[in-house]
$ cat target-v5.csv   # CSV, N, CA and C atoms
chain,number,residue,atom,x,y,z
N,1,MET,N,100.1,89.1,104.9
N,1,MET,CA,101.0,90.2,104.6
N,1,MET,C,100.2,91.4,104.2
N,2,SER,N,100.5,92.6,104.8
N,2,SER,CA,99.7,93.8,104.6
N,2,SER,C,100.5,94.6,103.5
N,3,LEU,N,99.7,94.9,102.5
N,3,LEU,CA,100.3,95.8,101.4
N,3,LEU,C,99.7,97.2,101.4
N,4,ASN,N,100.5,98.1,101.1
N,4,ASN,CA,100.1,99.5,101.1
N,4,ASN,C,99.5,99.8,99.7
N,5,GLY,N,98.2,99.6,99.5
N,5,GLY,CA,97.5,99.8,98.3
N,5,GLY,C,97.7,101.2,97.7
N,6,PRO,N,97.5,102.2,98.5
N,6,PRO,CA,97.7,103.6,97.9
N,6,PRO,C,99.1,103.8,97.3
N,7,VAL,N,100.1,103.3,98.0
N,7,VAL,CA,101.5,103.5,97.5
N,7,VAL,C,101.6,102.7,96.2
N,8,LEU,N,101.1,101.5,96.1
N,8,LEU,CA,101.2,100.6,94.9
N,8,LEU,C,100.5,101.3,93.8
N,9,THR,N,99.3,101.7,94.1
N,9,THR,CA,98.4,102.3,93.0
N,9,THR,C,99.0,103.6,92.5
N,10,SER,N,99.4,104.5,93.4
N,10,SER,CA,100.0,105.8,92.9
N,10,SER,C,101.3,105.6,92.2
N,11,SER,N,102.1,104.7,92.7
N,11,SER,CA,103.4,104.5,92.0
N,11,SER,C,103.2,103.8,90.6
N,12,PHE,N,102.3,102.9,90.5
N,12,PHE,CA,101.9,102.3,89.3
N,12,PHE,C,101.4,103.3,88.3
N,13,GLU,N,100.6,104.2,88.7
N,13,GLU,CA,100.1,105.3,87.8
N,13,GLU,C,101.2,106.2,87.4
N,14,LEU,N,102.1,106.5,88.3
N,14,LEU,CA,103.3,107.3,88.0
N,14,LEU,C,104.1,106.7,86.9
N,15,VAL,N,104.5,105.4,87.1
N,15,VAL,CA,105.4,104.8,86.1
N,15,VAL,C,104.7,104.6,84.7
N,16,LEU,N,103.4,104.3,84.7
N,16,LEU,CA,102.7,104.2,83.5
N,16,LEU,C,102.6,105.6,82.8
N,17,GLU,N,102.4,106.6,83.6
N,17,GLU,CA,102.3,108.0,83.0
N,17,GLU,C,103.7,108.4,82.4
N,18,ARG,N,104.8,108.0,83.0
N,18,ARG,CA,106.1,108.3,82.5
N,18,ARG,C,106.5,107.4,81.4
N,19,ASN,N,106.1,106.2,81.4
N,19,ASN,CA,106.4,105.2,80.3
N,19,ASN,C,105.2,104.3,80.1
N,20,PRO,N,104.3,104.7,79.2
N,20,PRO,CA,103.1,103.9,78.8
N,20,PRO,C,103.5,102.5,78.3
N,21,LYS,N,104.7,102.4,77.8
N,21,LYS,CA,105.2,101.1,77.3
N,21,LYS,C,106.1,100.4,78.3
N,22,LEU,N,105.7,100.5,79.6
N,22,LEU,CA,106.5,99.9,80.7
N,22,LEU,C,106.7,98.5,80.5
N,23,THR,N,105.7,97.7,80.1
N,23,THR,CA,105.9,96.3,80.0
N,23,THR,C,106.7,95.9,78.8
N,24,GLU,N,106.7,96.7,77.8
N,24,GLU,CA,107.6,96.4,76.7
N,24,GLU,C,109.1,96.7,77.1
N,25,ARG,N,109.3,97.7,77.9
N,25,ARG,CA,110.6,98.0,78.5
N,25,ARG,C,111.0,96.9,79.4
N,26,PHE,N,110.1,96.3,80.2
N,26,PHE,CA,110.4,95.2,81.1
N,26,PHE,C,110.9,94.0,80.2
N,27,TYR,N,110.3,93.7,79.1
N,27,TYR,CA,110.8,92.6,78.3
N,27,TYR,C,112.1,92.9,77.7
N,28,GLU,N,112.4,94.1,77.3
N,28,GLU,CA,113.7,94.4,76.8
N,28,GLU,C,114.8,94.1,77.9
N,29,ILE,N,114.5,94.6,79.1
N,29,ILE,CA,115.4,94.3,80.2
N,29,ILE,C,115.5,92.8,80.5
N,30,PHE,N,114.4,92.2,80.6
N,30,PHE,CA,114.3,90.7,80.9
N,30,PHE,C,115.1,89.9,79.9
N,31,PHE,N,114.9,90.1,78.6
N,31,PHE,CA,115.6,89.3,77.6
N,31,PHE,C,117.0,89.7,77.4
N,32,THR,N,117.4,90.9,77.8
N,32,THR,CA,118.8,91.3,77.8
N,32,THR,C,119.6,90.6,79.0
N,33,ARG,N,118.9,90.6,80.2
N,33,ARG,CA,119.6,90.0,81.4
N,33,ARG,C,119.5,88.5,81.4
N,34,TYR,N,118.4,87.9,80.8
N,34,TYR,CA,118.1,86.5,80.9
N,34,TYR,C,117.7,86.0,79.5
N,35,PRO,N,118.6,86.0,78.5
N,35,PRO,CA,118.3,85.6,77.2
N,35,PRO,C,117.8,84.1,77.1
N,36,GLN,N,118.2,83.3,78.0
N,36,GLN,CA,117.8,81.9,78.0
N,36,GLN,C,116.3,81.7,78.1
N,37,VAL,N,115.5,82.7,78.6
N,37,VAL,CA,114.1,82.6,78.7
N,37,VAL,C,113.3,82.8,77.4
N,38,LYS,N,114.0,83.5,76.4
N,38,LYS,CA,113.3,83.9,75.2
N,38,LYS,C,112.6,82.7,74.5
N,39,PRO,N,113.2,81.5,74.5
N,39,PRO,CA,112.5,80.4,73.8
N,39,PRO,C,111.1,80.0,74.5
N,40,LEU,N,111.0,80.3,75.8
N,40,LEU,CA,109.7,80.0,76.5
N,40,LEU,C,108.5,80.7,75.9
N,41,PHE,N,108.8,81.8,75.2
N,41,PHE,CA,107.7,82.6,74.7
N,41,PHE,C,107.2,82.2,73.4
N,42,GLY,N,107.8,81.2,72.8
N,42,GLY,CA,107.2,80.6,71.5
N,42,GLY,C,107.0,81.6,70.5
N,43,THR,N,105.8,81.6,69.9
N,43,THR,CA,105.5,82.5,68.7
N,43,THR,C,104.9,83.8,69.1
N,44,ASN,N,104.7,84.0,70.4
N,44,ASN,CA,104.1,85.3,70.9
N,44,ASN,C,105.1,86.4,70.6
N,45,SER,N,104.6,87.5,70.1
N,45,SER,CA,105.4,88.6,69.9
N,45,SER,C,105.7,89.3,71.2
N,46,THR,N,106.7,90.1,71.3
N,46,THR,CA,107.0,90.8,72.5
N,46,THR,C,105.9,91.8,72.8
N,47,GLU,N,105.3,92.4,71.8
N,47,GLU,CA,104.2,93.3,72.0
N,47,GLU,C,103.0,92.6,72.6
N,48,ALA,N,102.7,91.4,72.1
N,48,ALA,CA,101.6,90.6,72.6
N,48,ALA,C,101.8,90.2,74.1
N,49,GLN,N,103.1,89.8,74.4
N,49,GLN,CA,103.4,89.5,75.8
N,49,GLN,C,103.3,90.7,76.7
N,50,ALA,N,103.8,91.8,76.2
N,50,ALA,CA,103.7,93.1,77.0
N,50,ALA,C,102.3,93.4,77.3
N,51,GLU,N,101.4,93.3,76.3
N,51,GLU,CA,100.0,93.6,76.5
N,51,GLU,C,99.4,92.7,77.6
N,52,MET,N,99.7,91.4,77.5
N,52,MET,CA,99.2,90.4,78.5
N,52,MET,C,99.7,90.8,79.9
N,53,LEU,N,101.0,91.1,80.0
N,53,LEU,CA,101.5,91.5,81.3
N,53,LEU,C,100.9,92.8,81.8
N,54,ALA,N,100.7,93.8,80.9
N,54,ALA,CA,100.1,95.0,81.3
N,54,ALA,C,98.7,94.8,81.9
N,55,THR,N,97.9,93.9,81.2
N,55,THR,CA,96.5,93.6,81.6
N,55,THR,C,96.6,92.9,83.0
N,56,ALA,N,97.5,92.0,83.1
N,56,ALA,CA,97.6,91.3,84.4
N,56,ALA,C,98.0,92.2,85.6
N,57,LEU,N,98.9,93.1,85.3
N,57,LEU,CA,99.3,94.1,86.4
N,57,LEU,C,98.2,95.0,86.7
N,58,VAL,N,97.5,95.5,85.7
N,58,VAL,CA,96.3,96.4,86.0
N,58,VAL,C,95.2,95.7,86.8
N,59,SER,N,95.0,94.4,86.4
N,59,SER,CA,94.0,93.6,87.1
N,59,SER,C,94.4,93.4,88.6
N,60,VAL,N,95.6,93.1,88.8
N,60,VAL,CA,96.1,93.0,90.2
N,60,VAL,C,95.9,94.3,91.0
N,61,ILE,N,96.3,95.4,90.4
N,61,ILE,CA,96.2,96.7,91.1
N,61,ILE,C,94.7,96.9,91.4
N,62,ASP,N,93.9,96.6,90.4
N,62,ASP,CA,92.4,96.9,90.6
N,62,ASP,C,91.8,96.0,91.6
N,63,HIS,N,92.4,94.9,92.0
N,63,HIS,CA,91.9,93.9,92.9
N,63,HIS,C,92.7,93.7,94.2
N,64,LEU,N,93.5,94.7,94.5
N,64,LEU,CA,94.4,94.6,95.7
N,64,LEU,C,93.6,94.3,97.0
N,65,ASP,N,92.3,94.7,97.1
N,65,ASP,CA,91.6,94.5,98.3
N,65,ASP,C,90.6,93.3,98.1
N,66,ASP,N,90.8,92.5,97.1
N,66,ASP,CA,89.9,91.3,96.8
N,66,ASP,C,90.7,90.0,96.9
N,67,ALA,N,91.0,89.6,98.1
N,67,ALA,CA,91.9,88.4,98.3
N,67,ALA,C,91.3,87.2,97.5
N,68,PRO,N,90.0,86.9,97.6
N,68,PRO,CA,89.6,85.7,96.8
N,68,PRO,C,89.9,85.8,95.3
N,69,TRP,N,89.7,87.0,94.7
N,69,TRP,CA,90.0,87.2,93.3
N,69,TRP,C,91.4,87.0,93.0
N,70,LEU,N,92.3,87.6,93.9
N,70,LEU,CA,93.7,87.4,93.7
N,70,LEU,C,94.1,86.0,93.8
N,71,THR,N,93.6,85.3,94.8
N,71,THR,CA,94.0,83.9,95.0
N,71,THR,C,93.6,83.1,93.8
N,72,GLN,N,92.4,83.2,93.4
N,72,GLN,CA,91.9,82.4,92.3
N,72,GLN,C,92.6,82.6,91.0
N,73,ASN,N,92.7,83.9,90.7
N,73,ASN,CA,93.3,84.3,89.4
N,73,ASN,C,94.8,84.1,89.3
N,74,LEU,N,95.5,84.4,90.4
N,74,LEU,CA,97.0,84.2,90.4
N,74,LEU,C,97.4,82.7,90.5
N,75,ARG,N,96.6,81.9,91.2
N,75,ARG,CA,96.9,80.5,91.2
N,75,ARG,C,96.7,79.9,89.8
N,76,ALA,N,95.6,80.4,89.1
N,76,ALA,CA,95.4,79.9,87.7
N,76,ALA,C,96.5,80.4,86.8
N,77,LEU,N,97.0,81.6,87.0
N,77,LEU,CA,98.0,82.1,86.2
N,77,LEU,C,99.3,81.3,86.4
N,78,GLY,N,99.6,81.0,87.7
N,78,GLY,CA,100.7,80.2,88.0
N,78,GLY,C,100.7,78.8,87.4
N,79,LEU,N,99.5,78.2,87.4
N,79,LEU,CA,99.4,76.9,86.7
N,79,LEU,C,99.7,77.0,85.2
N,80,ARG,N,99.2,78.0,84.6
N,80,ARG,CA,99.5,78.2,83.1
N,80,ARG,C,101.0,78.4,82.9
N,81,HIS,N,101.7,79.1,83.8
N,81,HIS,CA,103.1,79.3,83.7
N,81,HIS,C,103.9,78.0,83.9
N,82,VAL,N,103.4,77.1,84.7
N,82,VAL,CA,104.1,75.8,84.8
N,82,VAL,C,104.0,75.1,83.4
N,83,ASP,N,102.9,75.2,82.8
N,83,ASP,CA,102.7,74.6,81.5
N,83,ASP,C,103.6,75.2,80.4
N,84,TYR,N,104.0,76.5,80.6
N,84,TYR,CA,104.9,77.1,79.7
N,84,TYR,C,106.3,76.8,79.9
N,85,GLY,N,106.6,76.1,81.0
N,85,GLY,CA,108.0,75.7,81.3
N,85,GLY,C,108.7,76.7,82.3
N,86,VAL,N,107.9,77.5,82.9
N,86,VAL,CA,108.5,78.5,83.9
N,86,VAL,C,108.9,77.8,85.2
N,87,SER,N,110.1,77.9,85.6
N,87,SER,CA,110.5,77.3,86.9
N,87,SER,C,110.4,78.3,88.0
N,88,PRO,N,110.3,77.9,89.2
N,88,PRO,CA,110.1,78.8,90.4
N,88,PRO,C,111.3,79.8,90.4
N,89,ASP,N,112.5,79.5,90.1
N,89,ASP,CA,113.6,80.4,90.2
N,89,ASP,C,113.5,81.6,89.2
N,90,MET,N,112.7,81.4,88.2
N,90,MET,CA,112.6,82.4,87.2
N,90,MET,C,111.7,83.6,87.7
N,91,TYR,N,110.9,83.3,88.7
N,91,TYR,CA,110.1,84.4,89.2
N,91,TYR,C,111.0,85.6,89.8
N,92,ALA,N,112.1,85.2,90.4
N,92,ALA,CA,113.0,86.2,90.9
N,92,ALA,C,113.5,87.1,89.8
N,93,TRP,N,113.8,86.5,88.7
N,93,TRP,CA,114.3,87.2,87.5
N,93,TRP,C,113.3,88.2,87.0
N,94,VAL,N,112.1,87.8,87.0
N,94,VAL,CA,111.0,88.6,86.5
N,94,VAL,C,110.8,89.8,87.5
N,95,GLY,N,110.8,89.5,88.8
N,95,GLY,CA,110.7,90.6,89.8
N,95,GLY,C,111.8,91.6,89.7
N,96,GLU,N,113.0,91.1,89.5
N,96,GLU,CA,114.2,92.0,89.4
N,96,GLU,C,114.0,92.9,88.2
N,97,CYS,N,113.6,92.4,87.1
N,97,CYS,CA,113.5,93.2,85.8
N,97,CYS,C,112.3,94.1,85.8
N,98,LEU,N,111.2,93.6,86.4
N,98,LEU,CA,110.0,94.5,86.5
N,98,LEU,C,110.3,95.7,87.4
N,99,LEU,N,110.9,95.5,88.6
N,99,LEU,CA,111.2,96.6,89.4
N,99,LEU,C,112.2,97.5,88.8
N,100,ALA,N,113.2,96.9,88.0
N,100,ALA,CA,114.1,97.8,87.3
N,100,ALA,C,113.4,98.7,86.3
N,101,ALA,N,112.5,98.1,85.6
N,101,ALA,CA,111.7,98.9,84.6
N,101,ALA,C,110.9,100.0,85.2
N,102,MET,N,110.3,99.7,86.4
N,102,MET,CA,109.5,100.6,87.1
N,102,MET,C,110.4,101.7,87.7
N,103,ALA,N,111.5,101.4,88.3
N,103,ALA,CA,112.4,102.4,88.8
N,103,ALA,C,112.9,103.3,87.8
N,104,GLU,N,113.3,102.7,86.6
N,104,GLU,CA,113.7,103.5,85.5
N,104,GLU,C,112.7,104.5,85.0
N,105,ALA,N,111.4,104.1,85.0
N,105,ALA,CA,110.4,105.0,84.5
N,105,ALA,C,110.1,106.1,85.6
N,106,ALA,N,110.1,105.7,86.8
N,106,ALA,CA,109.9,106.7,87.9
N,106,ALA,C,111.0,107.7,88.1
N,107,GLY,N,112.2,107.3,87.8
N,107,GLY,CA,113.4,108.1,87.9
N,107,GLY,C,113.6,108.5,89.4
N,108,GLY,N,113.8,109.8,89.6
N,108,GLY,CA,114.1,110.2,91.0
N,108,GLY,C,112.9,110.1,91.9
N,109,ASP,N,111.7,109.8,91.4
N,109,ASP,CA,110.5,109.7,92.3
N,109,ASP,C,110.4,108.2,92.8
N,110,TRP,N,111.3,107.3,92.4
N,110,TRP,CA,111.3,106.0,92.9
N,110,TRP,C,112.0,106.0,94.2
N,111,THR,N,111.3,105.8,95.3
N,111,THR,CA,111.8,105.9,96.6
N,111,THR,C,112.0,104.5,97.2
N,112,LYS,N,112.8,104.4,98.3
N,112,LYS,CA,113.0,103.2,99.0
N,112,LYS,C,111.6,102.6,99.5
N,113,ASP,N,110.7,103.5,99.9
N,113,ASP,CA,109.4,103.0,100.4
N,113,ASP,C,108.6,102.3,99.2
N,114,ILE,N,108.7,102.9,98.0
N,114,ILE,CA,108.0,102.4,96.9
N,114,ILE,C,108.6,101.0,96.5
N,115,GLU,N,109.9,101.0,96.5
N,115,GLU,CA,110.6,99.7,96.2
N,115,GLU,C,110.2,98.6,97.2
N,116,VAL,N,110.2,99.0,98.5
N,116,VAL,CA,109.8,98.0,99.5
N,116,VAL,C,108.4,97.5,99.3
N,117,GLU,N,107.5,98.4,99.0
N,117,GLU,CA,106.1,98.0,98.8
N,117,GLU,C,105.9,97.1,97.6
N,118,TRP,N,106.6,97.4,96.5
N,118,TRP,CA,106.6,96.6,95.3
N,118,TRP,C,107.3,95.3,95.5
N,119,THR,N,108.3,95.2,96.2
N,119,THR,CA,109.0,94.0,96.5
N,119,THR,C,108.1,93.1,97.3
N,120,LYS,N,107.4,93.6,98.3
N,120,LYS,CA,106.4,92.8,99.1
N,120,LYS,C,105.3,92.4,98.2
N,121,ALA,N,104.7,93.3,97.4
N,121,ALA,CA,103.6,92.9,96.5
N,121,ALA,C,104.0,91.8,95.5
N,122,TYR,N,105.1,92.0,94.9
N,122,TYR,CA,105.6,91.0,94.0
N,122,TYR,C,105.8,89.6,94.7
N,123,GLY,N,106.3,89.7,95.9
N,123,GLY,CA,106.5,88.4,96.7
N,123,GLY,C,105.2,87.8,96.9
N,124,ALA,N,104.2,88.5,97.3
N,124,ALA,CA,102.8,88.0,97.5
N,124,ALA,C,102.2,87.4,96.3
N,125,ILE,N,102.4,88.1,95.1
N,125,ILE,CA,101.9,87.6,93.8
N,125,ILE,C,102.6,86.2,93.5
N,126,VAL,N,103.9,86.2,93.7
N,126,VAL,CA,104.6,84.9,93.4
N,126,VAL,C,104.2,83.8,94.3
N,127,GLN,N,104.0,84.1,95.6
N,127,GLN,CA,103.5,83.1,96.5
N,127,GLN,C,102.2,82.5,96.1
N,128,LEU,N,101.3,83.4,95.6
N,128,LEU,CA,100.0,82.9,95.2
N,128,LEU,C,100.1,82.1,93.9
N,129,MET,N,101.0,82.5,93.0
N,129,MET,CA,101.2,81.8,91.7
N,129,MET,C,101.8,80.5,91.9
N,130,LEU,N,102.6,80.3,92.9
N,130,LEU,CA,103.3,79.1,93.2
N,130,LEU,C,102.6,78.1,94.1
N,131,THR,N,101.4,78.6,94.7
N,131,THR,CA,100.6,77.8,95.6
N,131,THR,C,99.7,76.9,94.8
N,132,PRO,N,99.8,75.6,94.9
N,132,PRO,CA,98.9,74.7,94.2
N,132,PRO,C,97.4,75.0,94.6
N,133,ALA,N,96.5,74.8,93.6
N,133,ALA,CA,95.1,74.9,93.9
N,133,ALA,C,94.7,73.7,94.8
N,134,PRO,N,93.8,73.9,95.7
N,134,PRO,CA,93.3,72.8,96.5
N,134,PRO,C,92.7,71.7,95.7
N,135,ALA,N,93.0,70.5,96.1
N,135,ALA,CA,92.5,69.3,95.3
N,135,ALA,C,91.0,69.1,95.5

$ encode --input "target-v5.csv" --output "structure tokens"
Amino acid sequence: MSLNGPVLTSSFELVLERNPKLTERFYEIFFTRYPQVKPLFGTNSTEAQAEMLATALVSVIDHLDDAPWLTQNLRALGLRHVDYGVSPDMYAWVGECLLAAMAEAAGGDWTKDIEVEWTKAYGAIVQLMLTPAPA
């Protein structure tokens, strides 16, 4: 799958500029739409979770052209999420809420092209996270 790195990078910079607390807003949306997931987060504060998500997103954006890094790190992240009790269907919920938070931050600058690129990118991320590591 070919991703448009410049569109992903520039739109990510835009949403962070407009809402530096994007990931905190994501969790507000996520827990409102899917309150049943809140117990999966244990004792981690929303702020701590938001920071971890922000770090992960920045890392992915920084490594868009590094398939081995993405494969290794996203598979490992996926394995950790299995241990946390995350089921495959929950990934769609996360994508829905993440894109909603990004679109909200971008406002009128959120275009169909940006949405398509982020949908493809998120799908690729999920695919890697759900792919078992080779034995």

$ closest_residue --input "target-v5.csv" --among "N:Gly5, N:Pro88, N:Pro35, N:Pro132" --to "N:Val60" --atoms "only C-alpha atoms"
N:Gly5

$ closest_residue --input "target-v5.csv" --among "N:Glu115, N:Val86, N:Arg75, N:Ala105" --to "N:Thr131" --atoms "only C-alpha atoms"
N:Arg75

$ closest_residue --input "target-v5.csv" --among "N:Gly95, N:Phe26, N:Glu117, N:Gly123" --to "N:Leu3" --atoms "all atoms listed in the file"
N:Glu117

$ residues_around --input "target-v5.csv" --residues "N:Ala54" --least-positions-apart "5" --cutoff "6.5 Å" --atoms "only N, CA and C atoms" --output "PyMOL selection string"
chain N and resi 23+49+59

$ atom_distance --input "target-v5.csv" --atom1 "atom CA of N:Ser87" --atom2 "atom CA of N:Asp65"
28.0 Å

$ residues_around --input "target-v5.csv" --residues "N:Leu40" --least-positions-apart "6" --cutoff "10 Å" --atoms "only C-alpha atoms" --output "CSV table (one decimal) with N, CA and C atoms, in the frame of the given file"
chain,number,residue,atom,x,y,z
N,81,HIS,N,101.7,79.1,83.8
N,81,HIS,CA,103.1,79.3,83.7
N,81,HIS,C,103.9,78.0,83.9
N,84,TYR,N,104.0,76.5,80.6
N,84,TYR,CA,104.9,77.1,79.7
N,84,TYR,C,106.3,76.8,79.9
N,85,GLY,N,106.6,76.1,81.0
N,85,GLY,CA,108.0,75.7,81.3
N,85,GLY,C,108.7,76.7,82.3
N,86,VAL,N,107.9,77.5,82.9
N,86,VAL,CA,108.5,78.5,83.9
N,86,VAL,C,108.9,77.8,85.2

$ decode --input "target-v5.csv" --residues "stretch 92-110 of chain N" --atoms "N, CA and C atoms" --output "PDB file, in the first residue's frame"
ATOM      1  N   ALA N  92     -11.087  -0.531  15.021  1.00  0.00           N
ATOM      2  CA  ALA N  92     -11.961   0.336  14.214  1.00  0.00           C
ATOM      3  C   ALA N  92     -12.489   1.488  15.060  1.00  0.00           C
ATOM      4  N   TRP N  93     -12.792   1.216  16.314  1.00  0.00           N
ATOM      5  CA  TRP N  93     -13.276   2.271  17.209  1.00  0.00           C
ATOM      6  C   TRP N  93     -12.212   3.336  17.402  1.00  0.00           C
ATOM      7  N   VAL N  94     -10.970   2.888  17.592  1.00  0.00           N
ATOM      8  CA  VAL N  94      -9.860   3.828  17.773  1.00  0.00           C
ATOM      9  C   VAL N  94      -9.695   4.680  16.522  1.00  0.00           C
ATOM     10  N   GLY N  95      -9.700   4.046  15.357  1.00  0.00           N
ATOM     11  CA  GLY N  95      -9.547   4.787  14.103  1.00  0.00           C
ATOM     12  C   GLY N  95     -10.637   5.815  13.920  1.00  0.00           C
ATOM     13  N   GLU N  96     -11.862   5.419  14.183  1.00  0.00           N
ATOM     14  CA  GLU N  96     -12.998   6.333  14.073  1.00  0.00           C
ATOM     15  C   GLU N  96     -12.795   7.564  14.967  1.00  0.00           C
ATOM     16  N   CYS N  97     -12.390   7.332  16.197  1.00  0.00           N
ATOM     17  CA  CYS N  97     -12.250   8.437  17.160  1.00  0.00           C
ATOM     18  C   CYS N  97     -11.010   9.271  16.894  1.00  0.00           C
ATOM     19  N   LEU N  98      -9.933   8.635  16.443  1.00  0.00           N
ATOM     20  CA  LEU N  98      -8.724   9.385  16.112  1.00  0.00           C
ATOM     21  C   LEU N  98      -8.976  10.307  14.929  1.00  0.00           C
ATOM     22  N   LEU N  99      -9.601   9.784  13.877  1.00  0.00           N
ATOM     23  CA  LEU N  99      -9.901  10.629  12.733  1.00  0.00           C
ATOM     24  C   LEU N  99     -10.895  11.724  13.085  1.00  0.00           C
ATOM     25  N   ALA N 100     -11.833  11.432  13.977  1.00  0.00           N
ATOM     26  CA  ALA N 100     -12.780  12.462  14.418  1.00  0.00           C
ATOM     27  C   ALA N 100     -12.049  13.586  15.146  1.00  0.00           C
ATOM     28  N   ALA N 101     -11.102  13.232  16.008  1.00  0.00           N
ATOM     29  CA  ALA N 101     -10.339  14.253  16.737  1.00  0.00           C
ATOM     30  C   ALA N 101      -9.485  15.075  15.782  1.00  0.00           C
ATOM     31  N   MET N 102      -8.892  14.415  14.794  1.00  0.00           N
ATOM     32  CA  MET N 102      -8.064  15.123  13.824  1.00  0.00           C
ATOM     33  C   MET N 102      -8.912  16.049  12.957  1.00  0.00           C
ATOM     34  N   ALA N 103     -10.048  15.552  12.491  1.00  0.00           N
ATOM     35  CA  ALA N 103     -10.933  16.376  11.655  1.00  0.00           C
ATOM     36  C   ALA N 103     -11.432  17.578  12.447  1.00  0.00           C
ATOM     37  N   GLU N 104     -11.770  17.370  13.701  1.00  0.00           N
ATOM     38  CA  GLU N 104     -12.226  18.463  14.558  1.00  0.00           C
ATOM     39  C   GLU N 104     -11.141  19.533  14.693  1.00  0.00           C
ATOM     40  N   ALA N 105      -9.901  19.096  14.904  1.00  0.00           N
ATOM     41  CA  ALA N 105      -8.797  20.044  15.054  1.00  0.00           C
ATOM     42  C   ALA N 105      -8.522  20.803  13.759  1.00  0.00           C
ATOM     43  N   ALA N 106      -8.570  20.100  12.637  1.00  0.00           N
ATOM     44  CA  ALA N 106      -8.273  20.734  11.348  1.00  0.00           C
ATOM     45  C   ALA N 106      -9.402  21.641  10.872  1.00  0.00           C
ATOM     46  N   GLY N 107     -10.611  21.366  11.325  1.00  0.00           N
ATOM     47  CA  GLY N 107     -11.751  22.196  10.914  1.00  0.00           C
ATOM     48  C   GLY N 107     -11.952  22.133   9.411  1.00  0.00           C
ATOM     49  N   GLY N 108     -12.150  23.287   8.810  1.00  0.00           N
ATOM     50  CA  GLY N 108     -12.411  23.378   7.381  1.00  0.00           C
ATOM     51  C   GLY N 108     -11.247  22.953   6.509  1.00  0.00           C
ATOM     52  N   ASP N 109     -10.058  22.801   7.094  1.00  0.00           N
ATOM     53  CA  ASP N 109      -8.895  22.361   6.319  1.00  0.00           C
ATOM     54  C   ASP N 109      -8.815  20.837   6.199  1.00  0.00           C
ATOM     55  N   TRP N 110      -9.726  20.120   6.874  1.00  0.00           N
ATOM     56  CA  TRP N 110      -9.772  18.659   6.772  1.00  0.00           C
ATOM     57  C   TRP N 110     -10.497  18.320   5.471  1.00  0.00           C
TER      58      TRP N 110
END
